[in-house]
$ cat coords.txt   # compact mmCIF, C-alpha atoms and all ligand atoms
# COMPACT_ATOMS: atom_id res chain seq x y z
CA MET A 117 0.00 0.00 0.00
CA ALA A 118 1.25 3.50 -0.81
CA GLN A 119 2.49 5.62 2.08
CA ASP A 120 2.80 9.34 2.39
CA LEU A 121 6.23 10.98 2.45
CA THR A 122 6.26 12.11 6.07
CA GLY A 123 9.79 12.05 7.49
CA GLN A 124 11.44 11.86 4.09
CA ALA A 125 13.85 14.42 2.64
CA ILE A 126 13.72 14.88 -1.12
CA ALA A 127 16.05 16.95 -3.30
CA ILE A 128 14.63 18.25 -6.58
CA THR A 129 16.56 19.86 -9.43
CA GLY A 130 14.92 22.30 -11.80
CA ALA A 131 12.54 23.34 -9.05
CA SER A 132 12.16 26.95 -10.24
CA SER A 133 9.39 26.20 -12.76
CA GLY A 134 7.22 23.62 -14.47
CA ILE A 135 7.46 19.96 -13.46
CA GLY A 136 10.14 20.55 -10.81
CA GLU A 137 8.15 23.26 -9.06
CA ALA A 138 4.97 21.15 -9.14
CA THR A 139 6.90 18.13 -7.85
CA ALA A 140 8.34 20.12 -4.95
CA LEU A 141 4.86 21.31 -3.96
CA ALA A 142 3.38 17.82 -4.31
CA CYS A 143 6.18 16.20 -2.27
CA ALA A 144 5.87 18.85 0.45
CA ARG A 145 2.09 18.41 0.57
CA ALA A 146 2.65 14.65 0.92
CA GLY A 147 4.77 15.36 4.02
CA ALA A 148 8.34 15.44 2.70
CA SER A 149 10.98 18.06 3.47
CA VAL A 150 12.23 19.37 0.15
CA ALA A 151 15.52 20.85 -1.09
CA LEU A 152 15.12 22.99 -4.17
CA ALA A 153 17.79 23.51 -6.83
CA ALA A 154 17.80 25.74 -9.92
CA ARG A 155 19.81 28.72 -11.13
CA ARG A 156 17.06 31.32 -10.57
CA ALA A 157 17.56 31.96 -6.88
CA ASP A 158 14.54 34.27 -6.55
CA ARG A 159 12.22 31.54 -7.86
CA VAL A 160 13.44 28.75 -5.58
CA GLN A 161 13.49 31.09 -2.58
CA ALA A 162 9.89 32.18 -3.27
CA LEU A 163 8.85 28.53 -3.63
CA ALA A 164 10.56 27.55 -0.38
CA GLN A 165 8.76 30.42 1.35
CA ARG A 166 5.41 29.32 -0.10
CA ILE A 167 5.95 25.74 1.10
CA GLU A 168 6.92 26.96 4.60
CA GLN A 169 3.81 29.18 4.68
CA GLU A 170 1.71 26.12 3.87
CA GLY A 171 3.27 24.39 6.90
CA GLY A 172 5.88 22.34 5.03
CA ARG A 173 9.67 22.28 5.25
CA ALA A 174 11.80 23.53 2.38
CA VAL A 175 15.27 24.85 1.72
CA ALA A 176 16.24 26.84 -1.38
CA LEU A 177 19.69 25.96 -2.68
CA PRO A 178 20.42 27.97 -5.85
CA THR A 179 22.50 25.65 -8.02
CA ASP A 180 23.77 25.26 -11.55
CA VAL A 181 23.80 21.48 -11.95
CA THR A 182 26.24 21.68 -14.86
CA ASP A 183 28.94 22.69 -12.38
CA GLU A 184 30.01 19.47 -10.64
CA ARG A 185 31.05 21.25 -7.45
CA GLN A 186 27.69 23.03 -7.19
CA ALA A 187 25.80 19.80 -7.89
CA ARG A 188 27.74 18.02 -5.13
CA ALA A 189 27.22 20.94 -2.72
CA PHE A 190 23.47 20.86 -3.44
CA VAL A 191 23.23 17.22 -2.44
CA GLU A 192 25.40 17.68 0.67
CA HIS A 193 23.47 20.78 1.79
CA ALA A 194 20.16 18.98 1.27
CA TYR A 195 21.42 16.22 3.56
CA GLU A 196 22.69 18.70 6.17
CA ALA A 197 19.41 20.63 6.14
CA PHE A 198 17.28 17.59 6.99
CA GLY A 199 19.71 15.03 8.41
CA ARG A 200 18.98 12.48 5.69
CA LEU A 201 18.35 12.20 1.96
CA ASP A 202 15.64 9.81 0.82
CA GLY A 203 14.97 11.03 -2.69
CA LEU A 204 16.66 12.82 -5.56
CA VAL A 205 14.51 13.97 -8.46
CA ASN A 206 16.78 14.74 -11.41
CA ASN A 207 14.39 16.97 -13.29
CA ALA A 208 16.46 19.94 -14.54
CA GLY A 209 16.49 19.97 -18.32
CA VAL A 210 16.57 22.02 -21.48
CA MET A 211 15.14 21.25 -24.92
CA LEU A 212 16.64 23.14 -27.83
CA LEU A 213 15.15 21.74 -31.02
CA GLY A 214 16.35 22.00 -34.61
CA ALA A 215 18.17 20.22 -37.41
CA VAL A 216 21.59 18.68 -36.89
CA THR A 217 22.81 20.15 -40.16
CA GLY A 218 24.00 23.68 -39.55
CA ALA A 219 23.08 23.60 -35.84
CA ASP A 220 24.57 25.97 -33.29
CA THR A 221 26.72 23.42 -31.47
CA ALA A 222 26.64 25.53 -28.29
CA GLN A 223 23.03 24.34 -27.96
CA TRP A 224 24.18 20.71 -28.05
CA ARG A 225 26.66 21.36 -25.27
CA ARG A 226 23.98 23.05 -23.21
CA MET A 227 21.61 20.09 -23.51
CA ILE A 228 24.31 17.52 -22.79
CA ASP A 229 25.61 19.58 -19.86
CA VAL A 230 22.19 19.93 -18.17
CA ASN A 231 20.22 16.84 -19.25
CA VAL A 232 23.09 14.37 -19.01
CA LEU A 233 26.04 15.66 -16.99
CA GLY A 234 23.93 17.59 -14.47
CA LEU A 235 21.91 14.42 -13.79
CA LEU A 236 25.10 12.35 -13.52
CA TYR A 237 26.80 14.77 -11.12
CA CYS A 238 23.79 14.90 -8.78
CA THR A 239 23.38 11.12 -8.90
CA HIS A 240 27.08 10.49 -8.24
CA ALA A 241 26.92 12.78 -5.22
CA ALA A 242 23.64 11.35 -3.91
CA ILE A 243 24.44 7.62 -3.86
CA PRO A 244 27.00 7.74 -1.00
CA VAL A 245 24.88 10.31 0.85
CA MET A 246 21.81 8.04 0.66
CA GLN A 247 23.91 5.21 2.03
CA ARG A 248 24.28 7.23 5.26
CA ASN A 249 20.52 6.87 5.87
CA ALA A 250 19.52 4.65 8.75
CA ASP A 251 16.06 3.77 9.98
CA PRO A 252 14.92 3.55 7.28
CA ALA A 253 17.93 2.87 5.07
CA GLY A 254 17.92 3.23 1.31
CA GLY A 255 16.96 5.93 -1.13
CA HIS A 256 15.22 6.67 -4.39
CA ILE A 257 16.49 8.38 -7.54
CA VAL A 258 13.88 9.62 -10.02
CA ASN A 259 15.20 10.62 -13.42
CA VAL A 260 12.98 12.72 -15.67
CA SER A 261 13.44 11.59 -19.26
CA SER A 262 10.70 12.11 -21.85
CA THR A 263 8.63 10.43 -24.54
CA ALA A 264 11.60 11.78 -26.53
CA GLY A 265 13.63 9.15 -24.65
CA ARG A 266 11.58 6.40 -26.34
CA ASN A 267 10.64 7.85 -29.74
CA ALA A 268 13.04 9.82 -31.89
CA SER A 269 11.66 12.50 -34.16
CA LEU A 270 12.82 14.85 -36.87
CA GLY A 271 14.27 18.03 -35.40
CA ALA A 272 14.88 16.59 -31.92
CA ALA A 273 18.03 14.53 -32.56
CA VAL A 274 20.26 15.84 -29.79
CA TYR A 275 17.42 16.19 -27.28
CA ASN A 276 16.55 12.54 -28.19
CA LEU A 277 20.19 11.62 -27.60
CA THR A 278 20.10 13.06 -24.08
CA LYS A 279 16.74 11.56 -23.12
CA PHE A 280 17.42 8.09 -24.60
CA GLY A 281 20.65 8.29 -22.61
CA VAL A 282 18.77 9.02 -19.39
CA CYS A 283 16.59 5.90 -19.93
CA GLY A 284 19.58 3.62 -20.56
CA PHE A 285 21.54 5.06 -17.65
CA SER A 286 18.59 4.68 -15.29
CA GLU A 287 18.15 0.96 -15.98
CA ALA A 288 21.87 0.23 -15.61
CA LEU A 289 21.99 2.27 -12.40
CA ARG A 290 18.91 0.45 -11.06
CA GLN A 291 20.74 -2.87 -11.38
CA GLU A 292 23.83 -1.42 -9.70
CA VAL A 293 22.29 0.20 -6.62
CA LEU A 294 19.40 -2.14 -5.79
CA HIS A 295 21.73 -3.98 -3.37
CA HIS A 296 21.93 -0.77 -1.32
CA GLY A 297 18.15 -0.50 -1.14
CA ILE A 298 18.25 2.43 -3.56
CA ARG A 299 15.45 2.46 -6.11
CA VAL A 300 15.60 4.08 -9.54
CA THR A 301 12.62 5.32 -11.51
CA VAL A 302 12.62 6.88 -14.94
CA VAL A 303 9.66 9.12 -15.76
CA GLU A 304 8.83 9.86 -19.39
CA PRO A 305 6.34 12.69 -19.75
CA GLY A 306 4.68 13.65 -22.99
CA PHE A 307 3.85 17.24 -24.01
CA THR A 308 3.53 19.21 -20.77
CA GLU A 309 2.64 22.86 -20.23
CA SER A 310 5.82 24.58 -18.93
CA GLU A 311 8.58 27.03 -19.88
CA LEU A 312 10.53 24.31 -21.73
CA LEU A 313 9.76 25.53 -25.25
CA ASP A 314 10.42 29.18 -24.42
CA HIS A 315 14.18 28.84 -24.97
CA ASN A 316 13.67 28.01 -28.65
CA THR A 317 13.94 31.17 -30.73
CA ASP A 318 13.76 29.54 -34.19
CA PRO A 319 10.32 30.47 -35.64
CA MET A 320 10.16 27.09 -37.48
CA VAL A 321 10.59 25.25 -34.18
CA GLN A 322 7.97 27.41 -32.49
CA ALA A 323 5.52 26.88 -35.36
CA GLY A 324 6.13 23.10 -35.25
CA ALA A 325 5.48 23.01 -31.51
CA ALA A 326 2.33 25.09 -31.85
CA HIS A 327 1.04 22.72 -34.56
CA ARG A 328 1.83 19.65 -32.45
CA ARG A 329 0.10 21.18 -29.50
CA GLN A 330 -3.01 21.87 -31.55
CA GLU A 331 -3.03 18.25 -32.77
CA ILE A 332 -2.87 16.94 -29.19
CA GLY A 333 -5.58 19.14 -27.72
CA LYS A 334 -5.27 19.32 -23.94
CA VAL A 335 -1.64 18.78 -22.96
CA LEU A 336 -0.44 17.65 -19.53
CA GLU A 337 -0.15 20.09 -16.65
CA SER A 338 3.07 19.99 -14.62
CA GLU A 339 0.94 18.74 -11.72
CA ASP A 340 -0.01 15.63 -13.75
CA VAL A 341 3.66 14.67 -14.05
CA ALA A 342 4.33 15.59 -10.41
CA ALA A 343 1.56 13.16 -9.40
CA ALA A 344 3.30 10.36 -11.32
CA ILE A 345 6.60 11.15 -9.57
CA VAL A 346 4.96 11.20 -6.14
CA TYR A 347 3.24 7.87 -6.95
CA ALA A 348 6.65 6.26 -7.47
CA LEU A 349 8.12 7.90 -4.36
CA GLU A 350 5.22 6.84 -2.16
CA GLN A 351 5.58 3.11 -2.76
CA PRO A 352 6.82 1.05 0.18
CA ALA A 353 10.51 0.09 0.22
CA HIS A 354 9.98 -3.34 -1.40
CA VAL A 355 8.15 -1.86 -4.42
CA SER A 356 10.28 -0.34 -7.16
CA VAL A 357 8.38 1.44 -9.92
CA ASN A 358 11.02 1.42 -12.63
CA GLU A 359 9.39 3.36 -15.44
CA ILE A 360 6.40 5.67 -15.88
CA LEU A 361 5.29 6.84 -19.33
CA VAL A 362 2.61 9.50 -19.09
CA ARG A 363 1.20 11.23 -22.17
CA PRO A 364 -1.67 13.59 -22.84
CA THR A 365 -4.54 11.44 -24.12
CA GLY A 366 -4.40 13.08 -27.55
CA GLN A 367 -0.66 12.59 -28.11
CA ARG A 368 0.32 10.03 -30.76
P1 LIG B 1 10.92 24.19 -17.46
O1 LIG B 1 11.70 24.95 -18.50
O2 LIG B 1 9.72 24.82 -16.89
O3 LIG B 1 11.87 23.72 -16.29
C1 LIG B 1 13.21 23.39 -16.49
C2 LIG B 1 13.91 23.51 -15.15
O4 LIG B 1 15.28 23.14 -15.31
C3 LIG B 1 13.89 24.93 -14.60
O5 LIG B 1 13.60 24.90 -13.23
C4 LIG B 1 15.32 25.40 -14.82
O6 LIG B 1 15.70 26.32 -13.79
C5 LIG B 1 16.08 24.09 -14.65
N1 LIG B 1 17.42 24.17 -15.20
C6 LIG B 1 17.80 24.41 -16.47
N2 LIG B 1 19.13 24.49 -16.55
C7 LIG B 1 19.61 24.28 -15.28
C8 LIG B 1 20.91 24.25 -14.72
N3 LIG B 1 22.00 24.44 -15.47
N4 LIG B 1 21.03 24.03 -13.39
C9 LIG B 1 19.92 23.85 -12.62
N5 LIG B 1 18.67 23.87 -13.11
C10 LIG B 1 18.52 24.09 -14.43
O7 LIG B 1 10.53 22.82 -18.19
P2 LIG B 1 9.83 21.48 -17.67
O8 LIG B 1 9.30 21.63 -16.32
O9 LIG B 1 8.92 21.05 -18.75
O10 LIG B 1 11.07 20.48 -17.70
C11 LIG B 1 11.44 19.67 -16.63
C12 LIG B 1 11.98 18.36 -17.18
O11 LIG B 1 10.94 17.67 -17.84
C13 LIG B 1 13.11 18.51 -18.19
O12 LIG B 1 14.10 17.53 -17.94
C14 LIG B 1 12.41 18.23 -19.51
O13 LIG B 1 13.31 17.75 -20.48
C15 LIG B 1 11.40 17.20 -19.08
N6 LIG B 1 10.26 17.03 -19.98
C16 LIG B 1 9.41 18.06 -20.24
C17 LIG B 1 8.36 17.88 -21.13
C18 LIG B 1 7.45 19.01 -21.52
O14 LIG B 1 6.69 18.83 -22.51
N7 LIG B 1 7.45 20.15 -20.84
C19 LIG B 1 8.10 16.57 -21.74
C20 LIG B 1 9.04 15.56 -21.36
C21 LIG B 1 10.06 15.78 -20.51
P3 LIG B 1 16.66 27.60 -13.97
O15 LIG B 1 16.46 28.11 -15.37
O16 LIG B 1 16.18 28.52 -12.90
O17 LIG B 1 18.04 27.09 -13.70
$ encode --input "coords.txt" --output "structure tokens"
Amino acid sequence: MAQDLTGQAIAITGASSGIGEATALACARAGASVALAARRADRVQALAQRIEQEGGRAVALPTDVTDERQARAFVEHAYEAFGRLDGLVNNAGVMLLGAVTGADTAQWRRMIDVNVLGLLYCTHAAIPVMQRNADPAGGHIVNVSSTAGRNASLGAAVYNLTKFGVCGFSEALRQEVLHHGIRVTVVEPGFTESELLDHNTDPMVQAGAAHRRQEIGKVLESEDVAAAIVYALEQPAHVSVNEILVRPTGQR
């Protein structure tokens, strides 16, 4: 039977907007203490304040996850704030769409730095920290991939590369850390209302996204994805939800 998250400490990256913000609120409302990472300090501080006002516990830890030292410090400070670390939600991500031919390669580096290396740095830091947990022992790493981690599509090649990578990494990691009582879940959302598309300035990309959105009809809200993440986190220690694919009903 599912439990609530009372007594648990959960660190969430990309908590300044969209899915990360909704996940932080949902975890806090389920009883967890939450540590919030993102670069926009004002946003994570305001969210921490909101959670505290609602009676929850939250700490804002402005972090750029692409900087390994900052990623490590985020995980350590989350542990220090709450005296344990039960969950890490690797949610920070960027999606910069476009053709491979003639691409601005700085955009590739940005996606690989955030979606892949940022997730790896936080995970690498969190595993030994989670092993410090006693009563209960163990931990849970939730990696946010995408439907783009299962289906490749024209114009998303490098984003696909990062999200397919997150799926493969998550399964290999699951097999590695299960002996420590650490669970791994990969979550693959479909089209979700958020700021994710806002970083794309190419009018062709924007038009393509607008068309896709129209085809789908009602897209997911960030809260819909947050609910899937909390579902995985709330399972008792012997239940490991390994993968959740959640799409808007109208998405092909
Ligand atoms: P948002 O753009 O709303 O959120 C992205 C978050 O990532 C922000 O909080 C941003 O914070 C953070 N972030 C970006 N770069 C960094 C960095 N270097 N260090 C720390 N944090 C960073 O988009 P979503 O909520 O939609 O995206 C969340 C995740 O969900 C991403 O991994 C995305 O790929 C995935 N996803 C989204 C889908 C969608 O349709 N929206 C579908 C499938 C998956 P800040 O800028 O303050 O640093």
$ closest_atom_pairs --input "coords.txt" --of "chain A" --to "ligand LIG 1 (chain B)" --cutoff "8 Å" --atoms "only C-alpha atoms and all ligand atoms" --output "CSV"
residue,atom,partner,partner_atom,distance
A:Thr129,CA,B:LIG1,N5,5.8
A:Gly130,CA,B:LIG1,O5,3.2
A:Ala131,CA,B:LIG1,O5,4.6
A:Ser132,CA,B:LIG1,O5,3.9
A:Ser133,CA,B:LIG1,O2,4.4
A:Gly134,CA,B:LIG1,O8,3.4
A:Ile135,CA,B:LIG1,O8,3.8
A:Gly136,CA,B:LIG1,O8,5.7
A:Glu137,CA,B:LIG1,O5,7.1
A:Ala153,CA,B:LIG1,C9,6.2
A:Ala154,CA,B:LIG1,N5,3.8
A:Arg155,CA,B:LIG1,O17,3.5
A:Arg156,CA,B:LIG1,O16,3.7
A:Ala157,CA,B:LIG1,O16,7.1
A:Arg159,CA,B:LIG1,O16,7.1
A:Val160,CA,B:LIG1,O16,7.8
A:Pro178,CA,B:LIG1,C9,7.9
A:Thr179,CA,B:LIG1,C9,5.6
A:Asp180,CA,B:LIG1,N4,3.5
A:Val181,CA,B:LIG1,N4,4.0
A:Thr182,CA,B:LIG1,N3,5.1
A:Asp183,CA,B:LIG1,N3,7.8
A:Asn206,CA,B:LIG1,O12,7.6
A:Asn207,CA,B:LIG1,O12,4.7
A:Ala208,CA,B:LIG1,O4,3.5
A:Gly209,CA,B:LIG1,O12,3.4
A:Val210,CA,B:LIG1,O13,5.5
A:Met211,CA,B:LIG1,O13,5.9
A:Asp229,CA,B:LIG1,N3,7.5
A:Val230,CA,B:LIG1,N3,5.3
A:Asn231,CA,B:LIG1,O12,6.3
A:Gly234,CA,B:LIG1,N4,7.1
A:Val260,CA,B:LIG1,O12,5.4
A:Ser261,CA,B:LIG1,C21,5.5
A:Ser262,CA,B:LIG1,C20,3.9
A:Thr263,CA,B:LIG1,C20,6.0
A:Ala264,CA,B:LIG1,C20,6.9
A:Lys279,CA,B:LIG1,O13,7.6
A:Glu304,CA,B:LIG1,C20,6.0
A:Pro305,CA,B:LIG1,C20,4.3
A:Gly306,CA,B:LIG1,C19,4.7
A:Phe307,CA,B:LIG1,O14,3.6
A:Thr308,CA,B:LIG1,O14,3.6
A:Glu309,CA,B:LIG1,N7,5.6
A:Ser310,CA,B:LIG1,O2,4.4
A:Glu311,CA,B:LIG1,O2,3.9
A:Leu312,CA,B:LIG1,O1,3.5
A:Leu313,CA,B:LIG1,O1,7.0
A:Asp314,CA,B:LIG1,O1,7.4
A:His315,CA,B:LIG1,O1,7.9
A:Leu336,CA,B:LIG1,O14,7.8
A:Ser338,CA,B:LIG1,O8,6.7
$ atom_distance --input "coords.txt" --atom1 "CA of Ala273 in chain A" --atom2 "CA of Leu212 in chain A"
9.9 Å
$ closest_residue --input "coords.txt" --among "A:Val357, A:Ala323, A:Thr278, A:Val191" --to "Arg290 in chain A" --atoms "all atoms listed in the file"
A:Val357
$ closest_residue --input "coords.txt" --among "A:Val346, A:Ala176, A:Gln330, A:Gln351" --to "Gly366 in chain A" --atoms "all atoms listed in the file"
A:Gln330
$ axis_aligned_box --input "coords.txt" --around "range 320-330 of chain A" --padding-each-side "3 Å" --output "AutoDock Vina command-line options"
--center_x 3.8 --center_y 23.5 --center_z -33.5 --size_x 19.6 --size_y 13.8 --size_z 14.0
$ residues_around --input "coords.txt" --residues "Gly171 in chain A" --least-positions-apart "4" --cutoff "9 Å" --atoms "all atoms listed in the file" --output "PyMOL selection string"
chain A and resi 144-145+166-167
$ closest_residue --input "coords.txt" --among "A:Pro252, A:Gly218, A:Pro364, A:Gly281" --to "Leu235 in chain A" --atoms "all atoms listed in the file"
A:Gly281
$ closest_residue --input "coords.txt" --among "A:Ala325, A:Ala353, A:Ile243, A:Val205" --to "Thr301 in chain A" --atoms "all atoms listed in the file"
A:Val205
$ residues_around --input "coords.txt" --residues "Ala151 in chain A" --least-positions-apart "5" --cutoff "6 Å" --atoms "only C-alpha atoms" --output "list in words"
Ala127, Ala174, Val175 and Ala194 of chain A
$ closest_residue --input "coords.txt" --among "A:Glu192, A:Glu339, A:Asp120, A:Glu170" --to "Met246 in chain A" --atoms "all atoms listed in the file"
A:Glu192
$ closest_residue --input "coords.txt" --among "A:Leu177, A:Ala348, A:Val303, A:Ala222" --to "Leu163 in chain A" --atoms "all atoms listed in the file"
A:Leu177
